[in-house]
2 protein chains.
Amino acid sequence: MKLLKNAALKALISGALFTVASTPLIASESPITPAQKETAQQLMVTALKSELGFSIVESLTTEIGPRLGGSEAEKRARDWGAKLGKELGFDKVAIEEFTMPFWDRGHLHIALTSPYNQELYGSALGGAAPSDKEINAPIVYFRDIHALTAIKDGSLEGKVAFVDGEPMVKSQTGAGYSPSNQKRRIGWQHAERGGASALVIRSVGSDSHRFPHTGMMSKNGDKWANIPVIAISNPDADHLRRLHNLNKPLAISLHSGSDWKGEVTSGNVVLDIIGSEKPEEIILIGGHLDSWDLGTGAVDDGAGVAITTAAAKLIANLPKRPKRTIRVVMFGAEEVGLLGAFAYAKKHEANLHNHVLATESDFGARNIWRLVSNVNPEATKLVDEIAKIIAPLGIVRGGSDVKGGGPDIIPLDNKGVPTIRLSQEGTDYFDLHHTPDDTLDKINPDELAQNVAAYAATIYLFADTNVDLKAKR
Amino acid sequence: MKLLKNAALKALISGALFTVASTPLIASESPITPAQKETAQQLMVTALKSELGFSIVESLTTEIGPRLGGSEAEKRARDWGAKLGKELGFDKVAIEEFTMPFWDRGHLHIALTSPYNQELYGSALGGAAPSDKEINAPIVYFRDIHALTAIKDGSLEGKVAFVDGEPMVKSQTGAGYSPSNQKRRIGWQHAERGGASALVIRSVGSDSHRFPHTGMMSKNGDKWANIPVIAISNPDADHLRRLHNLNKPLAISLHSGSDWKGEVTSGNVVLDIIGSEKPEEIILIGGHLDSWDLGTGAVDDGAGVAITTAAAKLIANLPKRPKRTIRVVMFGAEEVGLLGAFAYAKKHEANLHNHVLATESDFGARNIWRLVSNVNPEATKLVDEIAKIIAPLGIVRGGSDVKGGGPDIIPLDNKGVPTIRLSQEGTDYFDLHHTPDDTLDKINPDELAQNVAAYAATIYLFADTNVDLKAKR
């Protein structure tokens, strides 16, 4: 048992224990029985004292390392996940394979060549094409993505476009990501339309370190970029901006080996705790097993895999299985286009009506601060009651009509599967995500334990209730 | 004039102005006249409102970029420094050249090859030899430098030694640097003695980012290392430690192009404000113009160049020159062995008796919090009085027998030149120094202005006094 250094968590434990002792035997009108409430509270106490979650993410990041979707490392991660499921005593363990196109980063060199020679810190964006040979070209500066989208066709021939913009705005919810992300998603289409040799963008991240954030571009229909597309770090983008403001002539040299490498195999790992009364009804939780190739994928998303697996294991340790089945899915190939998520939804298409709730942990490992839901309105009272039970962890009840259970839940959500989300505090999430800095040292074991506690209590209560969660639609 | 966002500095300005108004006309027993005190206080107020310091470091880092000792970029930096000195109206501007051996980083590739393939984030250490070809070898793990020094001769043939250790301890004074630094300084001698193909060490830095800190090794007599020596980042070292603790067999692949490249020219830039009454007596201040090649040398040491140049310029703006000469030296080739410092001391050997005080700013750009000194004991009262005048900046009086005016002052100190030091708050200095993250965005303009204020007032008072500072020794 670990020593709890976090005084706040100690207080929560005392609070939870106290609440247990003072719970009235009959709670009128609640969809949750006193016994269920007591079990949920004991799960939280146990989780806060447990090192299981941290030991899982430590094992994944240490023993497997980076695990790009479709890579040999991701295969090792699936074997690791299946072995872990068996060791933890899950009732059913399966690897569900699928095929996918593989994009490889290759080697990148990028440097300023005018007004003087200076190495830049860049990362190719997912889906980018290689440079056939070294590109040496002047830079055309665009202050933001809107300026790039306004260019005329063919106006960037023989040039490299650089799209600046402001560093991503930090917030608890990560709301700054989507607007900041436009230059990464669609910038290449306009650079190509202009005839540019390559596109360079300010990294989509909120940090001030020299590591740019990688990430997938969007396809245009079924077409990927035909040019290299490179993100450079915020300090490098600041540097180019200052030189541009001094009217210095900017030029760049770049050589990128990133390319598509044909079809490969990926897969999802599926671990079940079979329900004792309604085994056909599935509560799906999980995270994604793949990571970007630059870091070891600790916060994105080893944490999510660890939190949900540990929570399910703590529930499995109870004297009796909850009524419904709890399914942990370790999704493959999330970063490169939610490929595991779509493969799962397709494979289980005929059984999605039995997926009564789905949620994913994929926003780091800071404390969970909010529970939102999108379930059958008649089941909202149940969610409200669950929120009260996990409130001692510092979690507030958010909206009851908030769609979205996480990236890998999108295909299920689209098919009408009800969702909840336990929102992590994400202010510094975009300092790390998709960079080499996403490593185990960034995870606070006490905060990870709070996540496991929230998931264990919440998922147990959803799994052991008779309340119908399916949205009427 | 910039807007002062920093409320503390606003308060200091009000305080200083108030003190000016209430200063008695005759301050009994003080070696500082009321007029001198008032001038010093006005210098602080002016400095806190001035953007000059920040504009200098912005110009150096933006227009020159990284500037390794002996490189073409360092030559451009000298020209920049001389041009700046002329534009700012220094009375005398000189470039004093010297020759030096040039070490070039070349290209490095380092990766784990067992228990699986994973890129590591490494930087060659200054003075390291190249690998003739790619080295593929098992890793022998040493928990710290002491474990490595205990090995038997020849016991590491065909192996790569890895020296772990704890991340550097953070402190205001940077006291953790020297002990942590031993593995960087002398580790190679023992790895070579053991017959290792290469040495890899945990980076000497207090951060948790994937950028290792470069830095110079120590010579053994007049001999440099014959093997590649590479620092890897703290998270990478953590990773190797965890794998070692799991008894995984560790092996590495590395290829380094770092090597000595022959004699080149470097130089110091010397800018004088000639004294009005004792022009032969020199108060020497400065920073170093060179930087490591990875970042743009903003905190190490563009800040020091900017702080001291701006302080001297503000003093030069006074209606009358102070009695003594103020000399700003922008030292060359500090990082690679204090080469500019020794060249300066040698060139000015016959005139060192006229160097009545020397100090360097080379510890970043956070607020100055302490004034220490090592001057003629009879002059200690003067330093005490100066400390009282700069106290409203948040600066305390430290010891009066603390040797050391900064790295480039060592050769002068050795020759008996009195020293002071204005100590910057250095808790996060070793998160950045010698890494690619040493860039302009890490400098807070308000804190830099506080530094300029402290230097301007302090140096003015030392330059305008008749007190004999020379140590009796």
# chains A, B, ... in the order shown; residues from 1 in each chain; ligands from 1

$ interface_residues --of "chain A" --to "chain B" --cutoff "9 Å" --atoms "only C-alpha atoms" --output "PDB file with N, CA and C atoms, in the first residue's frame"
ATOM      1  N   GLU A  58       3.021   2.535 -15.681  1.00  0.00           N
ATOM      2  CA  GLU A  58       4.485   2.379 -15.594  1.00  0.00           C
ATOM      3  C   GLU A  58       4.939   1.180 -16.426  1.00  0.00           C
ATOM      4  N   THR A  61       4.465   1.976 -20.349  1.00  0.00           N
ATOM      5  CA  THR A  61       5.423   2.930 -20.923  1.00  0.00           C
ATOM      6  C   THR A  61       6.858   2.408 -20.833  1.00  0.00           C
ATOM      7  N   THR A  62       7.158   1.635 -19.796  1.00  0.00           N
ATOM      8  CA  THR A  62       8.521   1.147 -19.623  1.00  0.00           C
ATOM      9  C   THR A  62       8.789  -0.090 -20.472  1.00  0.00           C
ATOM     10  N   GLU A  63       7.864  -1.029 -20.440  1.00  0.00           N
ATOM     11  CA  GLU A  63       8.142  -2.316 -21.088  1.00  0.00           C
ATOM     12  C   GLU A  63       7.831  -2.301 -22.574  1.00  0.00           C
ATOM     13  N   ILE A  64       6.980  -1.368 -23.003  1.00  0.00           N
ATOM     14  CA  ILE A  64       6.667  -1.278 -24.435  1.00  0.00           C
ATOM     15  C   ILE A  64       7.278  -0.026 -25.052  1.00  0.00           C
ATOM     16  N   GLY A  65       7.220   1.101 -24.359  1.00  0.00           N
ATOM     17  CA  GLY A  65       7.744   2.345 -24.938  1.00  0.00           C
ATOM     18  C   GLY A  65       6.761   2.953 -25.931  1.00  0.00           C
ATOM     19  N   PRO A  66       7.247   3.808 -26.845  1.00  0.00           N
ATOM     20  CA  PRO A  66       6.354   4.425 -27.835  1.00  0.00           C
ATOM     21  C   PRO A  66       5.699   3.339 -28.682  1.00  0.00           C
ATOM     22  N   ALA A  73       5.685  -2.143 -32.292  1.00  0.00           N
ATOM     23  CA  ALA A  73       5.553  -1.835 -30.856  1.00  0.00           C
ATOM     24  C   ALA A  73       4.090  -1.897 -30.412  1.00  0.00           C
ATOM     25  N   PRO A 115      17.888  34.661 -42.493  1.00  0.00           N
ATOM     26  CA  PRO A 115      19.089  35.480 -42.680  1.00  0.00           C
ATOM     27  C   PRO A 115      20.391  34.813 -42.243  1.00  0.00           C
ATOM     28  N   TYR A 116      20.358  33.669 -41.607  1.00  0.00           N
ATOM     29  CA  TYR A 116      21.570  32.925 -41.236  1.00  0.00           C
ATOM     30  C   TYR A 116      21.162  31.480 -41.016  1.00  0.00           C
ATOM     31  N   ASN A 117      22.139  30.613 -40.842  1.00  0.00           N
ATOM     32  CA  ASN A 117      21.848  29.190 -40.644  1.00  0.00           C
ATOM     33  C   ASN A 117      21.517  28.905 -39.185  1.00  0.00           C
ATOM     34  N   GLN A 118      20.376  28.268 -38.971  1.00  0.00           N
ATOM     35  CA  GLN A 118      20.016  27.864 -37.607  1.00  0.00           C
ATOM     36  C   GLN A 118      19.097  26.647 -37.676  1.00  0.00           C
ATOM     37  N   GLU A 119      19.414  25.637 -36.909  1.00  0.00           N
ATOM     38  CA  GLU A 119      18.548  24.463 -36.837  1.00  0.00           C
ATOM     39  C   GLU A 119      17.193  24.858 -36.255  1.00  0.00           C
ATOM     40  N   TYR A 121      13.443  23.241 -34.668  1.00  0.00           N
ATOM     41  CA  TYR A 121      12.915  22.030 -34.053  1.00  0.00           C
ATOM     42  C   TYR A 121      11.534  21.753 -34.644  1.00  0.00           C
ATOM     43  N   SER A 208       5.923  26.341 -24.013  1.00  0.00           N
ATOM     44  CA  SER A 208       6.975  27.208 -24.518  1.00  0.00           C
ATOM     45  C   SER A 208       8.289  26.434 -24.558  1.00  0.00           C
ATOM     46  N   HIS A 209       8.209  25.181 -24.985  1.00  0.00           N
ATOM     47  CA  HIS A 209       9.408  24.369 -25.129  1.00  0.00           C
ATOM     48  C   HIS A 209       9.702  24.155 -26.607  1.00  0.00           C
ATOM     49  N   ARG A 210      10.896  23.679 -26.889  1.00  0.00           N
ATOM     50  CA  ARG A 210      11.308  23.566 -28.296  1.00  0.00           C
ATOM     51  C   ARG A 210      10.751  22.322 -28.982  1.00  0.00           C
ATOM     52  N   PHE A 211       9.920  21.539 -28.275  1.00  0.00           N
ATOM     53  CA  PHE A 211       9.345  20.363 -28.917  1.00  0.00           C
ATOM     54  C   PHE A 211       8.024  20.715 -29.597  1.00  0.00           C
ATOM     55  N   PRO A 235       8.674  28.384 -29.556  1.00  0.00           N
ATOM     56  CA  PRO A 235       9.811  29.309 -29.571  1.00  0.00           C
ATOM     57  C   PRO A 235      10.406  29.495 -30.973  1.00  0.00           C
ATOM     58  N   ASP A 236      10.416  28.452 -31.796  1.00  0.00           N
ATOM     59  CA  ASP A 236      10.922  28.606 -33.161  1.00  0.00           C
ATOM     60  C   ASP A 236       9.997  29.507 -33.980  1.00  0.00           C
ATOM     61  N   ASP A 238       8.063  31.839 -32.748  1.00  0.00           N
ATOM     62  CA  ASP A 238       8.293  33.199 -32.233  1.00  0.00           C
ATOM     63  C   ASP A 238       9.505  33.820 -32.930  1.00  0.00           C
ATOM     64  N   HIS A 239      10.539  32.996 -33.080  1.00  0.00           N
ATOM     65  CA  HIS A 239      11.795  33.460 -33.686  1.00  0.00           C
ATOM     66  C   HIS A 239      11.549  33.908 -35.126  1.00  0.00           C
ATOM     67  N   LEU A 240      10.848  33.082 -35.899  1.00  0.00           N
ATOM     68  CA  LEU A 240      10.544  33.444 -37.293  1.00  0.00           C
ATOM     69  C   LEU A 240       9.690  34.702 -37.348  1.00  0.00           C
ATOM     70  N   ARG A 242       9.656  37.188 -35.193  1.00  0.00           N
ATOM     71  CA  ARG A 242      10.474  38.376 -34.902  1.00  0.00           C
ATOM     72  C   ARG A 242      11.338  38.754 -36.109  1.00  0.00           C
ATOM     73  N   LEU A 243      11.925  37.751 -36.764  1.00  0.00           N
ATOM     74  CA  LEU A 243      12.741  38.033 -37.951  1.00  0.00           C
ATOM     75  C   LEU A 243      11.866  38.625 -39.058  1.00  0.00           C
ATOM     76  N   LEU A 246      11.217  42.160 -38.497  1.00  0.00           N
ATOM     77  CA  LEU A 246      12.402  42.989 -38.780  1.00  0.00           C
ATOM     78  C   LEU A 246      12.647  43.090 -40.292  1.00  0.00           C
ATOM     79  N   LEU A 294       6.753   9.842 -30.555  1.00  0.00           N
ATOM     80  CA  LEU A 294       7.823  10.697 -30.028  1.00  0.00           C
ATOM     81  C   LEU A 294       8.044  10.510 -28.531  1.00  0.00           C
ATOM     82  N   GLY A 295       6.948  10.427 -27.774  1.00  0.00           N
ATOM     83  CA  GLY A 295       7.075  10.179 -26.341  1.00  0.00           C
ATOM     84  C   GLY A 295       6.768   8.724 -26.051  1.00  0.00           C
ATOM     85  N   PRO A 436       7.674  14.639 -27.459  1.00  0.00           N
ATOM     86  CA  PRO A 436       8.569  13.699 -26.768  1.00  0.00           C
ATOM     87  C   PRO A 436       8.473  13.790 -25.243  1.00  0.00           C
ATOM     88  N   ASP A 437       7.896  14.886 -24.754  1.00  0.00           N
ATOM     89  CA  ASP A 437       7.787  15.093 -23.307  1.00  0.00           C
ATOM     90  C   ASP A 437       6.659  14.302 -22.661  1.00  0.00           C
ATOM     91  N   ASP A 438       5.880  13.570 -23.438  1.00  0.00           N
ATOM     92  CA  ASP A 438       4.808  12.762 -22.843  1.00  0.00           C
ATOM     93  C   ASP A 438       5.427  11.477 -22.293  1.00  0.00           C
ATOM     94  N   THR A 439       5.920  11.578 -21.062  1.00  0.00           N
ATOM     95  CA  THR A 439       6.617  10.466 -20.409  1.00  0.00           C
ATOM     96  C   THR A 439       6.078  10.284 -18.990  1.00  0.00           C
ATOM     97  N   LEU A 440       6.429   9.160 -18.390  1.00  0.00           N
ATOM     98  CA  LEU A 440       5.826   8.736 -17.119  1.00  0.00           C
ATOM     99  C   LEU A 440       5.983   9.745 -15.988  1.00  0.00           C
ATOM    100  N   ASP A 441       7.120  10.450 -15.961  1.00  0.00           N
ATOM    101  CA  ASP A 441       7.378  11.395 -14.876  1.00  0.00           C
ATOM    102  C   ASP A 441       6.323  12.502 -14.817  1.00  0.00           C
ATOM    103  N   LYS A 442       5.541  12.673 -15.869  1.00  0.00           N
ATOM    104  CA  LYS A 442       4.532  13.733 -15.883  1.00  0.00           C
ATOM    105  C   LYS A 442       3.252  13.323 -15.140  1.00  0.00           C
TER     106      LYS A 442
END

$ select_by_dssp --residues "segment 268-461 of chain B" --states "strand (DSSP E or B)" --output "VMD selection string"
chain B and resid 268 to 273 278 to 288 324 to 331 355 to 360 368 to 374 396 to 397 401 419 to 424

$ residues_around --residues "Leu199 of chain A" --least-positions-apart "3" --cutoff "9 Å" --atoms "only C-alpha atoms" --output "list in words"
Val160, Ala161, Phe162, Val163, Gly187, Trp188, Ala191, Glu192, Ala196, Ile227, Pro228, Val229, Ile230 and Ala231 of chain A

$ write_last_selection --atoms "N, CA, C and O atoms" --output "mmCIF file, in the first residue's frame"
data_model
loop_
_atom_site.group_PDB
_atom_site.id
_atom_site.type_symbol
_atom_site.label_atom_id
_atom_site.label_comp_id
_atom_site.auth_asym_id
_atom_site.auth_seq_id
_atom_site.Cartn_x
_atom_site.Cartn_y
_atom_site.Cartn_z
ATOM 1 N N VAL A 160 7.974 28.067 -49.607
ATOM 2 C CA VAL A 160 7.450 27.310 -48.468
ATOM 3 C C VAL A 160 6.545 28.248 -47.677
ATOM 4 O O VAL A 160 6.953 29.369 -47.344
ATOM 5 N N ALA A 161 5.317 27.819 -47.420
ATOM 6 C CA ALA A 161 4.389 28.635 -46.636
ATOM 7 C C ALA A 161 4.634 28.395 -45.152
ATOM 8 O O ALA A 161 4.810 27.256 -44.721
ATOM 9 N N PHE A 162 4.670 29.473 -44.366
ATOM 10 C CA PHE A 162 4.739 29.343 -42.906
ATOM 11 C C PHE A 162 3.512 29.998 -42.304
ATOM 12 O O PHE A 162 3.272 31.189 -42.509
ATOM 13 N N VAL A 163 2.735 29.216 -41.564
ATOM 14 C CA VAL A 163 1.550 29.746 -40.894
ATOM 15 C C VAL A 163 1.857 29.914 -39.412
ATOM 16 O O VAL A 163 2.109 28.942 -38.693
ATOM 17 N N GLY A 187 -4.527 23.181 -43.253
ATOM 18 C CA GLY A 187 -3.552 24.093 -43.850
ATOM 19 C C GLY A 187 -2.962 23.563 -45.146
ATOM 20 O O GLY A 187 -2.799 24.297 -46.126
ATOM 21 N N TRP A 188 -2.657 22.261 -45.169
ATOM 22 C CA TRP A 188 -1.975 21.678 -46.343
ATOM 23 C C TRP A 188 -2.784 21.860 -47.621
ATOM 24 O O TRP A 188 -2.193 22.021 -48.705
ATOM 25 N N ALA A 191 -2.003 25.322 -48.881
ATOM 26 C CA ALA A 191 -0.600 25.416 -49.319
ATOM 27 C C ALA A 191 -0.432 24.693 -50.658
ATOM 28 O O ALA A 191 0.243 25.186 -51.568
ATOM 29 N N GLU A 192 -1.055 23.541 -50.788
ATOM 30 C CA GLU A 192 -0.985 22.801 -52.060
ATOM 31 C C GLU A 192 -1.657 23.556 -53.196
ATOM 32 O O GLU A 192 -1.155 23.609 -54.310
ATOM 33 N N ALA A 196 2.754 25.600 -53.085
ATOM 34 C CA ALA A 196 3.919 25.638 -52.193
ATOM 35 C C ALA A 196 4.656 24.293 -52.201
ATOM 36 O O ALA A 196 4.042 23.238 -52.380
ATOM 37 N N ILE A 227 2.517 17.152 -50.129
ATOM 38 C CA ILE A 227 3.715 17.920 -49.774
ATOM 39 C C ILE A 227 4.099 17.624 -48.321
ATOM 40 O O ILE A 227 3.269 17.169 -47.533
ATOM 41 N N PRO A 228 5.371 17.878 -47.981
ATOM 42 C CA PRO A 228 5.748 17.782 -46.561
ATOM 43 C C PRO A 228 5.019 18.856 -45.750
ATOM 44 O O PRO A 228 4.879 19.994 -46.219
ATOM 45 N N VAL A 229 4.568 18.480 -44.580
ATOM 46 C CA VAL A 229 3.923 19.434 -43.664
ATOM 47 C C VAL A 229 4.570 19.256 -42.296
ATOM 48 O O VAL A 229 4.557 18.157 -41.730
ATOM 49 N N ILE A 230 5.140 20.336 -41.790
ATOM 50 C CA ILE A 230 5.991 20.276 -40.602
ATOM 51 C C ILE A 230 5.505 21.280 -39.575
ATOM 52 O O ILE A 230 5.255 22.440 -39.909
ATOM 53 N N ALA A 231 5.376 20.838 -38.326
ATOM 54 C CA ALA A 231 5.123 21.778 -37.226
ATOM 55 C C ALA A 231 6.461 22.156 -36.604
ATOM 56 O O ALA A 231 7.317 21.293 -36.423
#

$ closest_residue --among "A:Ala350, A:Val270, A:Leu339, A:Ile326" --to "Val93 of chain A" --atoms "only C-alpha atoms"
A:Val270

$ residues_around --residues "Ala94 of chain B" --least-positions-apart "2" --cutoff "8 Å" --atoms "only C-alpha atoms" --output "PyMOL selection string"
chain B and resi 82+92+96+269-271

$ select_by_dssp --residues "segment 236-413 of chain A" --states "helix (DSSP H, G or I)" --output "ChimeraX atom specification"
/A:236-245,298-316,339-347,349-354,377-393,407-413

$ residues_around --residues "segment 302-311 of chain A" --least-positions-apart "6" --cutoff "9 Å" --atoms "only C-alpha atoms" --output "ChimeraX atom specification"
/A:43,47,52-58,60-61,85,271,285-291,296,328-331,360-365,440,443,448-449,451-457,459-460

$ atom_distance --atom1 "atom CA of Phe342 of chain B" --atom2 "atom CA of Lys403 of chain B"
17.8 Å

$ residues_around --residues "segment 128-140 of chain A" --least-positions-apart "6" --cutoff "10 Å" --atoms "only C-alpha atoms" --output "MDAnalysis selection string"
chainID A and resid 103:114 148 156:163 188 196:200 216:217 224:230 240 244 249:260

$ write_last_selection --atoms "C-alpha atoms" --output "compact mmCIF listing (two decimals), in the first residue's frame"
# COMPACT_ATOMS: atom_id res chain seq x y z
CA TRP A 103 2.35 6.23 -41.93
CA ASP A 104 5.98 6.42 -40.87
CA ARG A 105 7.75 9.58 -39.71
CA GLY A 106 11.14 8.84 -41.22
CA HIS A 107 13.92 11.36 -40.70
CA LEU A 108 13.44 15.13 -40.76
CA HIS A 109 15.95 17.90 -41.09
CA ILE A 110 14.73 21.49 -41.04
CA ALA A 111 16.83 24.63 -40.73
CA LEU A 112 16.68 28.32 -41.35
CA THR A 113 19.09 29.32 -44.15
CA SER A 114 18.37 33.04 -44.29
CA LEU A 148 -3.33 31.25 -45.85
CA LEU A 156 3.15 30.01 -53.74
CA GLU A 157 5.12 28.23 -56.50
CA GLY A 158 8.72 27.67 -55.42
CA LYS A 159 7.98 28.84 -51.88
CA VAL A 160 7.45 27.31 -48.47
CA ALA A 161 4.39 28.64 -46.64
CA PHE A 162 4.74 29.34 -42.91
CA VAL A 163 1.55 29.75 -40.89
CA TRP A 188 -1.98 21.68 -46.34
CA ALA A 196 3.92 25.64 -52.19
CA SER A 197 6.79 23.12 -51.93
CA ALA A 198 5.97 22.51 -48.28
CA LEU A 199 3.93 23.87 -45.38
CA VAL A 200 5.40 24.77 -42.00
CA MET A 216 -2.81 13.90 -37.77
CA MET A 217 -3.89 16.14 -40.60
CA TRP A 224 -3.86 13.02 -48.21
CA ALA A 225 -1.27 15.80 -48.61
CA ASN A 226 1.23 15.60 -51.47
CA ILE A 227 3.72 17.92 -49.77
CA PRO A 228 5.75 17.78 -46.56
CA VAL A 229 3.92 19.43 -43.66
CA ILE A 230 5.99 20.28 -40.60
CA LEU A 240 10.54 33.44 -37.29
CA HIS A 244 9.75 38.61 -40.23
CA PRO A 249 14.43 37.70 -45.82
CA LEU A 250 13.50 34.24 -44.55
CA ALA A 251 14.49 31.02 -46.27
CA ILE A 252 14.46 27.42 -45.22
CA SER A 253 16.00 24.06 -45.96
CA LEU A 254 14.03 20.93 -45.25
CA HIS A 255 14.20 17.24 -45.97
CA SER A 256 11.52 14.89 -44.70
CA GLY A 257 11.26 11.12 -45.07
CA SER A 258 7.70 10.78 -43.76
CA ASP A 259 5.53 8.60 -45.98
CA TRP A 260 2.78 6.00 -46.23

$ closest_residue --among "B:Gln182, B:His355, B:Leu461, B:Met168" --to "Glu385 of chain B" --atoms "only C-alpha atoms"
B:Leu461

$ atom_distance --atom1 "atom CA of Gly81 of chain A" --atom2 "atom CA of Ile273 of chain A"
14.9 Å
